[in-house]
$ cat model.tsv   # TSV, C-alpha atoms and all ligand atoms
chain	number	residue	atom	x	y	z
A	555	MET	CA	0.00	0.00	0.00
A	556	THR	CA	1.13	3.55	-0.71
A	557	ASP	CA	0.35	5.76	2.30
A	558	ASN	CA	0.10	9.00	0.36
A	559	GLY	CA	-1.13	7.50	-2.93
A	560	PRO	CA	-4.35	8.65	-4.60
A	561	ILE	CA	-7.83	7.41	-3.79
A	562	LEU	CA	-9.17	5.18	-6.59
A	563	VAL	CA	-12.72	5.87	-7.74
A	564	THR	CA	-14.08	3.21	-10.10
A	565	GLY	CA	-17.05	3.75	-12.41
A	566	ALA	CA	-16.05	7.42	-12.42
A	567	ALA	CA	-17.47	8.47	-15.80
A	568	GLY	CA	-21.08	8.07	-14.63
A	569	GLN	CA	-24.27	6.87	-16.28
A	570	LEU	CA	-27.38	6.85	-14.07
A	571	GLY	CA	-26.44	7.98	-10.55
A	572	ALA	CA	-22.88	9.02	-11.42
A	573	VAL	CA	-21.99	8.66	-7.74
A	574	GLY	CA	-18.33	8.05	-8.70
A	575	ARG	CA	-18.11	11.25	-10.72
A	576	THR	CA	-19.55	13.32	-7.86
A	577	VAL	CA	-17.24	11.59	-5.38
A	578	CYS	CA	-14.22	12.57	-7.52
A	579	GLY	CA	-15.26	16.23	-7.35
A	580	LEU	CA	-15.90	16.13	-3.60
A	581	LEU	CA	-12.53	14.50	-2.84
A	582	LEU	CA	-10.67	16.95	-5.10
A	583	ASP	CA	-12.47	19.82	-3.33
A	584	ARG	CA	-11.00	18.48	-0.09
A	585	GLY	CA	-7.53	18.59	-1.63
A	586	LEU	CA	-7.22	14.79	-1.83
A	587	PRO	CA	-5.52	13.16	-4.84
A	588	VAL	CA	-7.92	11.11	-6.98
A	589	ARG	CA	-7.38	8.40	-9.59
A	590	ALA	CA	-10.57	8.13	-11.62
A	591	MET	CA	-11.13	4.85	-13.47
A	592	VAL	CA	-13.21	5.04	-16.64
A	593	ARG	CA	-13.97	2.52	-19.34
A	594	ARG	CA	-13.04	4.72	-22.29
A	595	GLU	CA	-11.59	8.07	-23.26
A	596	ASP	CA	-14.51	10.42	-23.93
A	597	ASP	CA	-15.88	13.82	-22.86
A	598	ARG	CA	-16.60	12.50	-19.38
A	599	ALA	CA	-12.96	11.41	-18.99
A	600	ALA	CA	-11.79	14.81	-20.22
A	601	ALA	CA	-14.08	16.54	-17.69
A	602	LEU	CA	-12.62	14.47	-14.85
A	603	ARG	CA	-9.11	15.38	-15.98
A	604	ALA	CA	-10.11	19.06	-16.10
A	605	LEU	CA	-11.28	18.76	-12.48
A	606	GLY	CA	-7.80	17.60	-11.50
A	607	ALA	CA	-8.20	13.81	-11.35
A	608	GLU	CA	-5.65	11.38	-12.74
A	609	VAL	CA	-7.77	9.48	-15.28
A	610	VAL	CA	-7.02	5.83	-16.03
A	611	VAL	CA	-8.83	3.63	-18.54
A	612	GLY	CA	-9.66	0.01	-17.78
A	613	ASP	CA	-12.23	-2.75	-17.50
A	614	LEU	CA	-13.22	-3.96	-14.02
A	615	LEU	CA	-13.69	-7.45	-15.46
A	616	GLU	CA	-10.04	-7.63	-16.56
A	617	PRO	CA	-7.70	-8.56	-13.67
A	618	PRO	CA	-4.56	-6.98	-15.24
A	619	ASP	CA	-6.47	-3.69	-15.69
A	620	VAL	CA	-7.67	-3.79	-12.10
A	621	TYR	CA	-4.15	-4.56	-10.83
A	622	ARG	CA	-2.76	-1.63	-12.85
A	623	VAL	CA	-5.33	0.89	-11.59
A	624	VAL	CA	-5.27	-0.18	-7.93
A	625	SER	CA	-1.45	-0.28	-7.72
A	626	GLY	CA	-0.15	2.80	-5.96
A	627	CYS	CA	-3.54	3.76	-4.47
A	628	ARG	CA	-4.12	3.91	-0.74
A	629	ARG	CA	-7.88	3.26	-0.81
A	630	VAL	CA	-10.73	2.45	-3.17
A	631	TYR	CA	-14.35	3.31	-3.92
A	632	PHE	CA	-15.71	0.27	-5.76
A	633	SER	CA	-18.83	0.64	-7.89
A	634	MET	CA	-19.95	0.24	-11.46
A	635	SER	CA	-23.22	0.43	-13.33
A	636	ALA	CA	-25.65	-2.44	-12.70
A	637	SER	CA	-24.43	-5.28	-14.91
A	638	ALA	CA	-24.36	-9.04	-15.23
A	639	GLY	CA	-20.68	-9.31	-14.27
A	640	TYR	CA	-20.98	-7.43	-10.97
A	641	LEU	CA	-19.96	-10.31	-8.69
A	642	GLU	CA	-16.99	-11.20	-10.87
A	643	ALA	CA	-15.83	-7.57	-10.84
A	644	THR	CA	-16.19	-7.41	-7.03
A	645	LEU	CA	-14.16	-10.58	-6.55
A	646	THR	CA	-11.50	-9.37	-8.98
A	647	MET	CA	-11.25	-6.14	-7.01
A	648	ALA	CA	-11.05	-8.05	-3.71
A	649	VAL	CA	-8.23	-10.29	-4.95
A	650	VAL	CA	-6.26	-7.31	-6.25
A	651	ALA	CA	-6.89	-5.13	-3.17
A	652	ARG	CA	-5.64	-7.95	-0.94
A	653	GLU	CA	-2.52	-8.36	-3.06
A	654	VAL	CA	-1.74	-4.65	-3.33
A	655	GLY	CA	-2.95	-3.66	0.16
A	656	VAL	CA	-5.38	-0.78	0.82
A	657	ASP	CA	-6.42	0.97	4.04
A	658	GLY	CA	-10.08	1.18	3.06
A	659	LEU	CA	-12.48	-0.19	0.45
A	660	VAL	CA	-15.87	1.48	0.21
A	661	ASN	CA	-18.28	-0.93	-1.45
A	662	MET	CA	-21.49	0.26	-3.12
A	663	SER	CA	-24.33	-2.15	-2.42
A	664	GLN	CA	-28.13	-1.90	-2.16
A	665	MET	CA	-30.58	-1.46	0.69
A	666	THR	CA	-32.49	-4.63	-0.25
A	667	VAL	CA	-29.48	-6.69	0.90
A	668	SER	CA	-30.42	-5.76	4.50
A	669	GLU	CA	-33.41	-8.11	4.24
A	670	MET	CA	-31.81	-10.88	2.19
A	671	SER	CA	-30.74	-14.31	3.45
A	672	THR	CA	-30.40	-17.82	2.07
A	673	GLN	CA	-34.14	-18.24	2.73
A	674	ASN	CA	-35.13	-14.82	1.43
A	675	THR	CA	-33.55	-13.60	-1.77
A	676	THR	CA	-35.10	-11.58	-4.59
A	677	SER	CA	-35.51	-12.23	-8.31
A	678	SER	CA	-33.05	-9.44	-9.19
A	679	GLY	CA	-29.66	-10.75	-10.31
A	680	GLN	CA	-28.17	-7.37	-9.37
A	681	GLN	CA	-29.44	-7.62	-5.79
A	682	ARG	CA	-28.31	-11.23	-5.47
A	683	GLN	CA	-24.84	-10.29	-6.68
A	684	HIS	CA	-24.62	-7.42	-4.17
A	685	TRP	CA	-25.68	-9.84	-1.42
A	686	LEU	CA	-23.00	-12.36	-2.41
A	687	SER	CA	-20.41	-9.60	-2.97
A	688	GLU	CA	-20.90	-8.26	0.55
A	689	GLN	CA	-20.29	-11.70	1.99
A	690	ALA	CA	-17.20	-12.34	-0.12
A	691	LEU	CA	-15.78	-8.96	0.92
A	692	ALA	CA	-16.44	-9.81	4.57
A	693	TRP	CA	-14.53	-13.11	4.17
A	694	SER	CA	-11.70	-11.28	2.38
A	695	GLY	CA	-10.58	-9.59	5.59
A	696	LEU	CA	-10.22	-6.30	3.71
A	697	PRO	CA	-10.99	-3.04	5.58
A	698	VAL	CA	-14.46	-2.62	4.07
A	699	VAL	CA	-17.19	0.01	4.53
A	700	THR	CA	-20.54	-0.95	3.01
A	701	ILE	CA	-22.95	1.58	1.53
A	702	ARG	CA	-26.54	0.39	1.04
A	703	PRO	CA	-28.70	3.05	-0.60
A	704	THR	CA	-32.33	2.53	-1.50
A	705	MET	CA	-33.57	3.47	-5.01
A	706	PHE	CA	-31.85	6.59	-6.34
A	707	LEU	CA	-34.05	9.61	-7.08
A	708	GLU	CA	-32.18	9.71	-10.40
A	709	SER	CA	-34.08	6.53	-11.36
A	710	PHE	CA	-37.05	8.84	-11.96
A	711	PHE	CA	-35.20	10.28	-15.00
A	712	PRO	CA	-35.66	7.16	-17.14
A	713	LEU	CA	-38.71	5.81	-15.25
A	714	ALA	CA	-40.86	8.94	-14.86
A	715	ALA	CA	-39.50	11.98	-16.73
A	716	PRO	CA	-41.02	11.05	-20.13
A	717	THR	CA	-44.58	10.59	-18.75
A	718	VAL	CA	-44.37	13.48	-16.26
A	719	GLY	CA	-43.25	15.73	-19.11
A	720	ALA	CA	-45.83	14.45	-21.61
A	721	ARG	CA	-48.97	13.98	-19.46
A	722	GLY	CA	-48.23	14.86	-15.82
A	723	ARG	CA	-48.27	11.24	-14.66
A	724	ILE	CA	-45.81	8.90	-12.96
A	725	GLU	CA	-46.66	5.48	-14.40
A	726	VAL	CA	-45.01	2.64	-12.46
A	727	PRO	CA	-46.35	-0.64	-10.99
A	728	PHE	CA	-45.54	0.16	-7.36
A	729	GLY	CA	-49.12	-0.37	-6.05
A	730	ARG	CA	-49.62	1.31	-2.66
A	731	GLY	CA	-46.08	0.39	-1.65
A	732	LYS	CA	-44.13	3.08	0.13
A	733	THR	CA	-40.71	4.25	-0.97
A	734	SER	CA	-38.02	6.62	0.27
A	735	PRO	CA	-35.71	7.35	-2.68
A	736	VAL	CA	-32.35	8.97	-2.01
A	737	ALA	CA	-30.41	11.42	-4.20
A	738	ALA	CA	-27.20	10.08	-5.71
A	739	ALA	CA	-25.58	13.37	-4.65
A	740	ASP	CA	-26.35	12.51	-1.01
A	741	VAL	CA	-24.96	9.00	-1.52
A	742	ALA	CA	-21.81	10.57	-2.97
A	743	ARG	CA	-21.46	12.89	0.05
A	744	VAL	CA	-21.51	9.85	2.33
A	745	VAL	CA	-18.98	7.96	0.18
A	746	ALA	CA	-16.63	10.97	0.02
A	747	ALA	CA	-16.79	11.54	3.79
A	748	VAL	CA	-15.92	7.89	4.43
A	749	LEU	CA	-13.10	7.85	1.85
A	750	ALA	CA	-11.58	11.01	3.31
A	751	ASP	CA	-11.21	9.33	6.72
A	752	PRO	CA	-12.19	5.64	6.64
A	753	GLY	CA	-10.79	4.69	10.06
A	754	PRO	CA	-13.92	5.33	12.19
A	755	HIS	CA	-16.17	3.66	9.60
A	756	LEU	CA	-14.34	0.38	8.94
A	757	GLY	CA	-16.64	-2.65	9.20
A	758	ARG	CA	-19.76	-0.49	9.23
A	759	ILE	CA	-22.80	-0.72	6.99
A	760	TYR	CA	-24.60	2.51	6.12
A	761	GLU	CA	-28.21	2.31	4.97
A	762	LEU	CA	-29.24	5.41	3.05
A	763	THR	CA	-32.75	6.64	2.28
A	764	GLY	CA	-34.43	9.95	1.60
A	765	PRO	CA	-36.17	11.79	4.46
A	766	ARG	CA	-39.70	10.34	3.97
A	767	SER	CA	-41.25	6.95	3.22
A	768	GLN	CA	-44.53	7.43	1.37
A	769	ASP	CA	-46.60	5.82	-1.37
A	770	MET	CA	-46.37	7.01	-4.96
A	771	HIS	CA	-49.39	9.34	-4.51
A	772	GLY	CA	-47.28	11.16	-1.91
A	773	VAL	CA	-44.29	11.19	-4.26
A	774	ALA	CA	-46.51	12.61	-7.03
A	775	ARG	CA	-47.69	15.39	-4.68
A	776	GLU	CA	-44.06	16.38	-4.09
A	777	PHE	CA	-43.55	16.45	-7.88
A	778	SER	CA	-46.65	18.72	-8.15
A	779	ASP	CA	-45.29	21.10	-5.51
A	780	ALA	CA	-41.88	21.28	-7.18
A	781	LEU	CA	-43.24	21.77	-10.72
A	782	ASN	CA	-46.22	23.97	-9.74
A	783	ARG	CA	-48.58	21.79	-11.85
A	784	GLU	CA	-50.57	18.66	-11.19
A	785	VAL	CA	-48.65	15.38	-11.32
A	786	THR	CA	-50.51	12.19	-10.46
A	787	TYR	CA	-49.58	8.56	-9.97
A	788	SER	CA	-50.93	5.74	-12.14
A	789	ASP	CA	-50.38	2.23	-10.85
A	790	ILE	CA	-49.88	0.37	-14.12
A	791	PRO	CA	-49.88	-3.44	-14.59
A	792	ALA	CA	-46.43	-4.98	-14.17
A	793	GLU	CA	-46.67	-6.61	-17.64
A	794	ASP	CA	-47.23	-3.21	-19.30
A	795	TRP	CA	-44.22	-1.82	-17.48
A	796	GLU	CA	-42.04	-4.72	-18.53
A	797	ARG	CA	-43.14	-4.21	-22.15
A	798	GLU	CA	-42.26	-0.49	-21.96
A	799	LEU	CA	-38.89	-1.24	-20.35
A	800	LYS	CA	-38.08	-3.70	-23.12
A	801	LYS	CA	-38.79	-0.99	-25.69
A	802	LEU	CA	-36.04	1.13	-24.08
A	803	GLY	CA	-33.51	-1.46	-25.28
A	804	LEU	CA	-31.87	-1.82	-21.86
A	805	PRO	CA	-29.67	-4.84	-21.17
A	806	GLU	CA	-31.72	-7.88	-20.05
A	807	HIS	CA	-29.97	-7.84	-16.63
A	808	LEU	CA	-31.15	-4.28	-15.97
A	809	THR	CA	-34.69	-4.88	-17.25
A	810	ARG	CA	-35.05	-7.89	-14.94
A	811	HIS	CA	-33.70	-5.85	-12.03
A	812	LEU	CA	-36.24	-3.07	-12.66
A	813	VAL	CA	-39.11	-5.57	-12.93
A	814	ALA	CA	-38.01	-7.06	-9.58
A	815	MET	CA	-37.82	-3.57	-8.08
A	816	GLY	CA	-41.43	-2.98	-9.12
A	817	GLU	CA	-42.54	-6.26	-7.49
A	818	LEU	CA	-40.64	-5.45	-4.29
A	819	HIS	CA	-42.19	-1.98	-4.12
A	820	ARG	CA	-45.65	-3.54	-4.45
A	821	ALA	CA	-44.78	-5.93	-1.64
A	822	GLY	CA	-43.77	-3.07	0.66
A	823	ARG	CA	-40.08	-3.98	0.66
A	824	TYR	CA	-38.97	-0.40	-0.12
A	825	ASP	CA	-40.81	1.02	2.89
A	826	ARG	CA	-37.68	1.85	4.84
A	827	LEU	CA	-36.24	4.88	6.61
A	828	ALA	CA	-32.59	5.14	7.56
A	829	ASP	CA	-30.51	8.06	8.77
A	830	GLY	CA	-27.13	7.14	7.22
A	831	VAL	CA	-26.85	10.34	5.17
A	832	GLU	CA	-27.27	12.63	8.18
A	833	ARG	CA	-25.24	10.40	10.50
A	834	VAL	CA	-22.18	10.42	8.24
A	835	THR	CA	-22.38	13.91	6.70
A	836	GLY	CA	-24.20	15.92	9.39
A	837	ARG	CA	-26.76	17.07	6.79
A	838	PRO	CA	-30.14	15.45	6.11
A	839	ALA	CA	-30.92	13.79	2.80
A	840	ILE	CA	-32.82	15.93	0.27
A	841	SER	CA	-36.51	15.31	-0.38
A	842	VAL	CA	-38.32	14.38	-3.60
A	843	ARG	CA	-39.55	17.95	-3.84
A	844	GLU	CA	-36.06	19.45	-3.52
A	845	PHE	CA	-34.68	16.97	-6.06
A	846	VAL	CA	-37.41	17.65	-8.63
A	847	SER	CA	-37.01	21.43	-8.12
A	848	LEU	CA	-33.30	21.10	-8.87
A	849	HIS	CA	-34.06	19.12	-12.06
A	850	ALA	CA	-37.35	20.74	-13.12
A	851	ASP	CA	-36.32	21.02	-16.79
A	852	GLU	CA	-35.66	17.29	-17.05
A	853	PHE	CA	-39.25	16.69	-15.83
A	854	GLY	CA	-40.84	18.99	-18.42
A	855	GLY	CA	-40.32	22.29	-16.60
A	856	ARG	CA	-41.94	24.25	-13.76
A	857	ARG	CA	-45.11	26.23	-14.46
A	858	SER	CA	-44.57	29.89	-13.53
B	901	LIG	N1	-29.86	3.26	-9.37
B	901	LIG	C1	-30.33	2.95	-8.17
B	901	LIG	O1	-31.51	3.21	-7.88
B	901	LIG	C2	-29.44	2.28	-7.18
B	901	LIG	C3	-29.88	2.12	-5.86
B	901	LIG	C4	-29.04	1.52	-4.92
B	901	LIG	C5	-27.79	1.07	-5.31
B	901	LIG	N2	-27.39	1.21	-6.61
B	901	LIG	C6	-26.08	0.70	-7.02
B	901	LIG	O2	-25.28	1.77	-7.43
B	901	LIG	C7	-24.33	1.30	-8.38
B	901	LIG	C8	-24.41	2.16	-9.60
B	901	LIG	O3	-24.00	3.46	-9.20
B	901	LIG	P1	-24.09	4.68	-10.18
B	901	LIG	O4	-25.53	4.91	-10.56
B	901	LIG	O5	-23.34	5.80	-9.58
B	901	LIG	O6	-23.33	4.12	-11.48
B	901	LIG	P2	-23.49	4.63	-12.94
B	901	LIG	O7	-23.34	6.12	-12.94
B	901	LIG	O8	-24.72	4.07	-13.59
B	901	LIG	O9	-22.25	3.90	-13.66
B	901	LIG	C9	-20.92	4.05	-13.25
B	901	LIG	C10	-19.96	3.65	-14.32
B	901	LIG	O10	-19.63	2.24	-14.29
B	901	LIG	C11	-18.92	2.02	-15.49
B	901	LIG	N3	-18.72	0.61	-15.77
B	901	LIG	C12	-19.67	-0.31	-16.07
B	901	LIG	N4	-19.10	-1.51	-16.32
B	901	LIG	C13	-17.76	-1.34	-16.18
B	901	LIG	C14	-16.63	-2.18	-16.33
B	901	LIG	N5	-16.78	-3.49	-16.65
B	901	LIG	N6	-15.41	-1.67	-16.11
B	901	LIG	C15	-15.24	-0.36	-15.78
B	901	LIG	N7	-16.27	0.49	-15.61
B	901	LIG	C16	-17.51	0.01	-15.82
B	901	LIG	C17	-19.76	2.72	-16.57
B	901	LIG	O11	-18.92	3.15	-17.61
B	901	LIG	P3	-19.55	3.63	-19.04
B	901	LIG	O12	-20.51	4.74	-18.74
B	901	LIG	O13	-18.38	4.06	-19.82
B	901	LIG	O14	-20.25	2.43	-19.61
B	901	LIG	C18	-20.40	3.88	-15.76
B	901	LIG	O15	-19.96	5.15	-16.19
B	901	LIG	C19	-24.68	-0.17	-8.64
B	901	LIG	O16	-23.91	-0.94	-7.77
B	901	LIG	C20	-26.13	-0.23	-8.21
B	901	LIG	O17	-26.55	-1.53	-7.88
B	901	LIG	C21	-28.17	1.83	-7.54
$ encode --input "model.tsv" --output "structure tokens"
Amino acid sequence: MTDNGPILVTGAAGQLGAVGRTVCGLLLDRGLPVRAMVRREDDRAAALRALGAEVVVGDLLEPPDVYRVVSGCRRVYFSMSASAGYLEATLTMAVVAREVGVDGLVNMSQMTVSEMSTQNTTSSGQQRQHWLSEQALAWSGLPVVTIRPTMFLESFFPLAAPTVGARGRIEVPFGRGKTSPVAAADVARVVAAVLADPGPHLGRIYELTGPRSQDMHGVAREFSDALNREVTYSDIPAEDWERELKKLGLPEHLTRHLVAMGELHRAGRYDRLADGVERVTGRPAISVREFVSLHADEFGGRRS
């Protein structure tokens, strides 16, 4: 391990939540050296370089790439977009981090893992892989900190922005299930705080939710307040949702994960409240209303 080496942030380019990208900025703001791992050279890589990060290109499923990017780093944030090879990537990272030596590995997981066991799994391959990954990391003996956020508020961009913009409706099959989505920016603040000083957090698991657990009618009311126009919730049949998701051309792994997320919402499994954001950062998580206000244009704009 290199005591004064950079902090490695994987998945740094950013797709949906872009937690890694935000973490890079927050660590650089604190004056900490950052190595940002991306999959390819593109505008996102250039933007990270412009921020002051050392940008390295590699594939988390390729052990030589992972060895190259971890070498010389003192600690690691491990995350990548939801994908079929998640467990393999986690194990590759664990093997390399053990060989190279790090003083902290912050692992992105999911809130659903809190309720999973051999007798109680879910039909989402992504959630199952997070559950197995957490256990493998625990066996590894590495100095791990586990981050378990619930659904990101950013998920509403692909799942709700088109219908909220077009007809003022959130159309998802969540029934009367309650949910407490959390902003990826809040998740990133937690990750950055832990990476800056992992010592007090080692071995801990942080569950992260937004400030309120409510059904989708409540969520729609917060959308209405933020956009100053009526937004309602339509509980659509799960089969219709699956058909719409398939039209988006997402990878099968992600489509199946989203279908499972809908089922779990219906079953009340997303009705959780946790104070991890405030506990770690000293600031409460932002609400649906605050999030939608910040991104009003993406949801079709605010009526004046
Ligand atoms: N979305 C949610 O509601 C939610 C809730 C709880 C937990 N999570 C967890 O959060 C994580 C995703 O976080 P996020 O939204 O911040 O990620 P993200 O922005 O969607 O993606 C991060 C980056 O991972 C990169 N990546 C994918 N496969 C890779 C590979 N094989 N090698 C190197 N890089 C790779 C992608 O690169 P390219 O862009 O170049 O392809 C992407 O930019 C997942 O573990 C997910 O399960 C998500």
$ atom_distance --input "model.tsv" --atom1 "atom O7 of ligand LIG 901 (chain B)" --atom2 "atom CA of Asp557 of chain A"
28.2 Å
$ atom_distance --input "model.tsv" --atom1 "atom O10 of ligand LIG 901 (chain B)" --atom2 "atom CA of Ser678 of chain A"
18.5 Å
$ residues_near_point --input "model.tsv" --point "(-11.9, 3.0, -13.9)" --cutoff "9 Å" --atoms "all atoms listed in the file" --output "list in words"
Leu562, Val563, Thr564, Gly565, Ala566, Ala567, Arg589, Ala590, Met591, Val592, Arg593, Arg594, Val609, Val610, Val611, Gly612, Asp613, Leu614, Asp619, Val620, Val623 and Met634 of chain A
$ closest_atom_pairs --input "model.tsv" --of "chain A" --to "ligand LIG 901 (chain B)" --cutoff "7 Å" --atoms "only C-alpha atoms and all ligand atoms" --output "tab-separated table"
residue	atom	partner	partner_atom	distance
A:Thr564	CA	B:LIG901	N7	6.5
A:Gly565	CA	B:LIG901	C10	3.5
A:Ala566	CA	B:LIG901	C10	5.8
A:Ala567	CA	B:LIG901	O15	4.2
A:Gly568	CA	B:LIG901	O7	3.4
A:Gln569	CA	B:LIG901	O7	3.5
A:Leu570	CA	B:LIG901	O8	3.9
A:Gly571	CA	B:LIG901	O4	3.2
A:Ala572	CA	B:LIG901	O7	3.3
A:Val573	CA	B:LIG901	O5	3.7
A:Gly574	CA	B:LIG901	O5	5.6
A:Val592	CA	B:LIG901	N7	5.6
A:Arg593	CA	B:LIG901	O13	4.7
A:Arg594	CA	B:LIG901	O13	5.9
A:Gly612	CA	B:LIG901	C15	5.9
A:Asp613	CA	B:LIG901	N6	3.6
A:Leu614	CA	B:LIG901	N6	3.8
A:Leu615	CA	B:LIG901	N5	5.2
A:Ser633	CA	B:LIG901	O16	5.3
A:Met634	CA	B:LIG901	O10	3.5
A:Ser635	CA	B:LIG901	O9	3.6
A:Ala636	CA	B:LIG901	C19	4.8
A:Ser637	CA	B:LIG901	N4	6.7
A:Met662	CA	B:LIG901	O16	5.4
A:Ser663	CA	B:LIG901	O16	5.5
A:Gln664	CA	B:LIG901	C5	4.3
A:Met665	CA	B:LIG901	C4	6.5
A:Gln680	CA	B:LIG901	O17	6.2
A:Arg702	CA	B:LIG901	C5	6.5
A:Pro703	CA	B:LIG901	C4	4.6
A:Thr704	CA	B:LIG901	C4	4.9
A:Met705	CA	B:LIG901	O1	3.5
A:Phe706	CA	B:LIG901	O1	3.7
A:Leu707	CA	B:LIG901	O1	6.9
A:Glu708	CA	B:LIG901	N1	6.9
A:Ser709	CA	B:LIG901	O1	5.5
A:Ala738	CA	B:LIG901	O5	6.9
$ atom_distance --input "model.tsv" --atom1 "atom CA of Ala814 of chain A" --atom2 "atom CA of Glu798 of chain A"
14.6 Å
$ closest_residue --input "model.tsv" --among "A:Glu642, A:Glu817, A:Glu595, A:Glu806" --to "Gln683 of chain A" --atoms "all atoms listed in the file"
A:Glu642
$ closest_residue --input "model.tsv" --among "A:Ala599, A:Val630, A:Val649, A:Ala774" --to "Pro617 of chain A" --atoms "all atoms listed in the file"
A:Val649
$ residues_near_point --input "model.tsv" --point "(-13.7, 9.5, 7.2)" --cutoff "12 Å" --atoms "only C-alpha atoms" --output "ChimeraX atom specification"
/A:581,584,629,657-660,699,743-756,758,834-835
$ write_last_selection --input "model.tsv" --atoms "C-alpha atoms" --output "mmCIF file, keeping the file's coordinate frame"
data_model
loop_
_atom_site.group_PDB
_atom_site.id
_atom_site.type_symbol
_atom_site.label_atom_id
_atom_site.label_comp_id
_atom_site.auth_asym_id
_atom_site.auth_seq_id
_atom_site.Cartn_x
_atom_site.Cartn_y
_atom_site.Cartn_z
ATOM 1 C CA LEU A 581 -12.530 14.500 -2.840
ATOM 2 C CA ARG A 584 -11.000 18.480 -0.090
ATOM 3 C CA ARG A 629 -7.880 3.260 -0.810
ATOM 4 C CA ASP A 657 -6.420 0.970 4.040
ATOM 5 C CA GLY A 658 -10.080 1.180 3.060
ATOM 6 C CA LEU A 659 -12.480 -0.190 0.450
ATOM 7 C CA VAL A 660 -15.870 1.480 0.210
ATOM 8 C CA VAL A 699 -17.190 0.010 4.530
ATOM 9 C CA ARG A 743 -21.460 12.890 0.050
ATOM 10 C CA VAL A 744 -21.510 9.850 2.330
ATOM 11 C CA VAL A 745 -18.980 7.960 0.180
ATOM 12 C CA ALA A 746 -16.630 10.970 0.020
ATOM 13 C CA ALA A 747 -16.790 11.540 3.790
ATOM 14 C CA VAL A 748 -15.920 7.890 4.430
ATOM 15 C CA LEU A 749 -13.100 7.850 1.850
ATOM 16 C CA ALA A 750 -11.580 11.010 3.310
ATOM 17 C CA ASP A 751 -11.210 9.330 6.720
ATOM 18 C CA PRO A 752 -12.190 5.640 6.640
ATOM 19 C CA GLY A 753 -10.790 4.690 10.060
ATOM 20 C CA PRO A 754 -13.920 5.330 12.190
ATOM 21 C CA HIS A 755 -16.170 3.660 9.600
ATOM 22 C CA LEU A 756 -14.340 0.380 8.940
ATOM 23 C CA ARG A 758 -19.760 -0.490 9.230
ATOM 24 C CA VAL A 834 -22.180 10.420 8.240
ATOM 25 C CA THR A 835 -22.380 13.910 6.700
#
$ residues_around --input "model.tsv" --residues "Ala828 of chain A" --least-positions-apart "6" --cutoff "9 Å" --atoms "only C-alpha atoms" --output "ChimeraX atom specification"
/A:760-765
$ closest_residue --input "model.tsv" --among "A:Gly757, A:Pro727, A:Pro838, A:Gly695" --to "Ala714 of chain A" --atoms "only C-alpha atoms"
A:Pro727
$ closest_residue --input "model.tsv" --among "A:Val726, A:Leu812, A:Leu827, A:Leu686" --to "Tyr640 of chain A" --atoms "only C-alpha atoms"
A:Leu686
$ closest_residue --input "model.tsv" --among "A:Met770, A:Arg820, A:Leu802, A:Ala739" --to "Ala839 of chain A" --atoms "all atoms listed in the file"
A:Ala739
$ decode --input "model.tsv" --residues "segment 567-578 of chain A" --atoms "N, CA and C atoms" --output "compact mmCIF listing (two decimals), in the first residue's frame"
# COMPACT_ATOMS: atom_id res chain seq x y z
N ALA A 567 -16.89 7.67 -14.71
CA ALA A 567 -17.47 8.47 -15.80
C ALA A 567 -18.93 8.83 -15.47
N GLY A 568 -19.71 7.81 -15.07
CA GLY A 568 -21.08 8.07 -14.63
C GLY A 568 -22.11 7.87 -15.71
N GLN A 569 -23.15 7.09 -15.36
CA GLN A 569 -24.27 6.87 -16.28
C GLN A 569 -25.55 7.35 -15.61
N LEU A 570 -26.09 6.52 -14.69
CA LEU A 570 -27.38 6.85 -14.07
C LEU A 570 -27.19 7.74 -12.84
N GLY A 571 -26.62 7.19 -11.77
CA GLY A 571 -26.44 7.98 -10.55
C GLY A 571 -25.18 8.83 -10.60
N ALA A 572 -24.17 8.33 -11.33
CA ALA A 572 -22.88 9.02 -11.42
C ALA A 572 -22.32 9.36 -10.04
N VAL A 573 -22.51 8.43 -9.10
CA VAL A 573 -21.99 8.66 -7.74
C VAL A 573 -20.47 8.84 -7.81
N GLY A 574 -19.79 7.98 -8.61
CA GLY A 574 -18.33 8.05 -8.70
C GLY A 574 -17.84 9.42 -9.17
N ARG A 575 -18.52 9.93 -10.19
CA ARG A 575 -18.11 11.25 -10.72
C ARG A 575 -18.24 12.32 -9.65
N THR A 576 -19.36 12.31 -8.92
CA THR A 576 -19.55 13.32 -7.86
C THR A 576 -18.53 13.13 -6.75
N VAL A 577 -18.24 11.86 -6.42
CA VAL A 577 -17.24 11.59 -5.38
C VAL A 577 -15.89 12.16 -5.78
N CYS A 578 -15.51 12.01 -7.06
CA CYS A 578 -14.22 12.57 -7.52
C CYS A 578 -14.17 14.06 -7.20
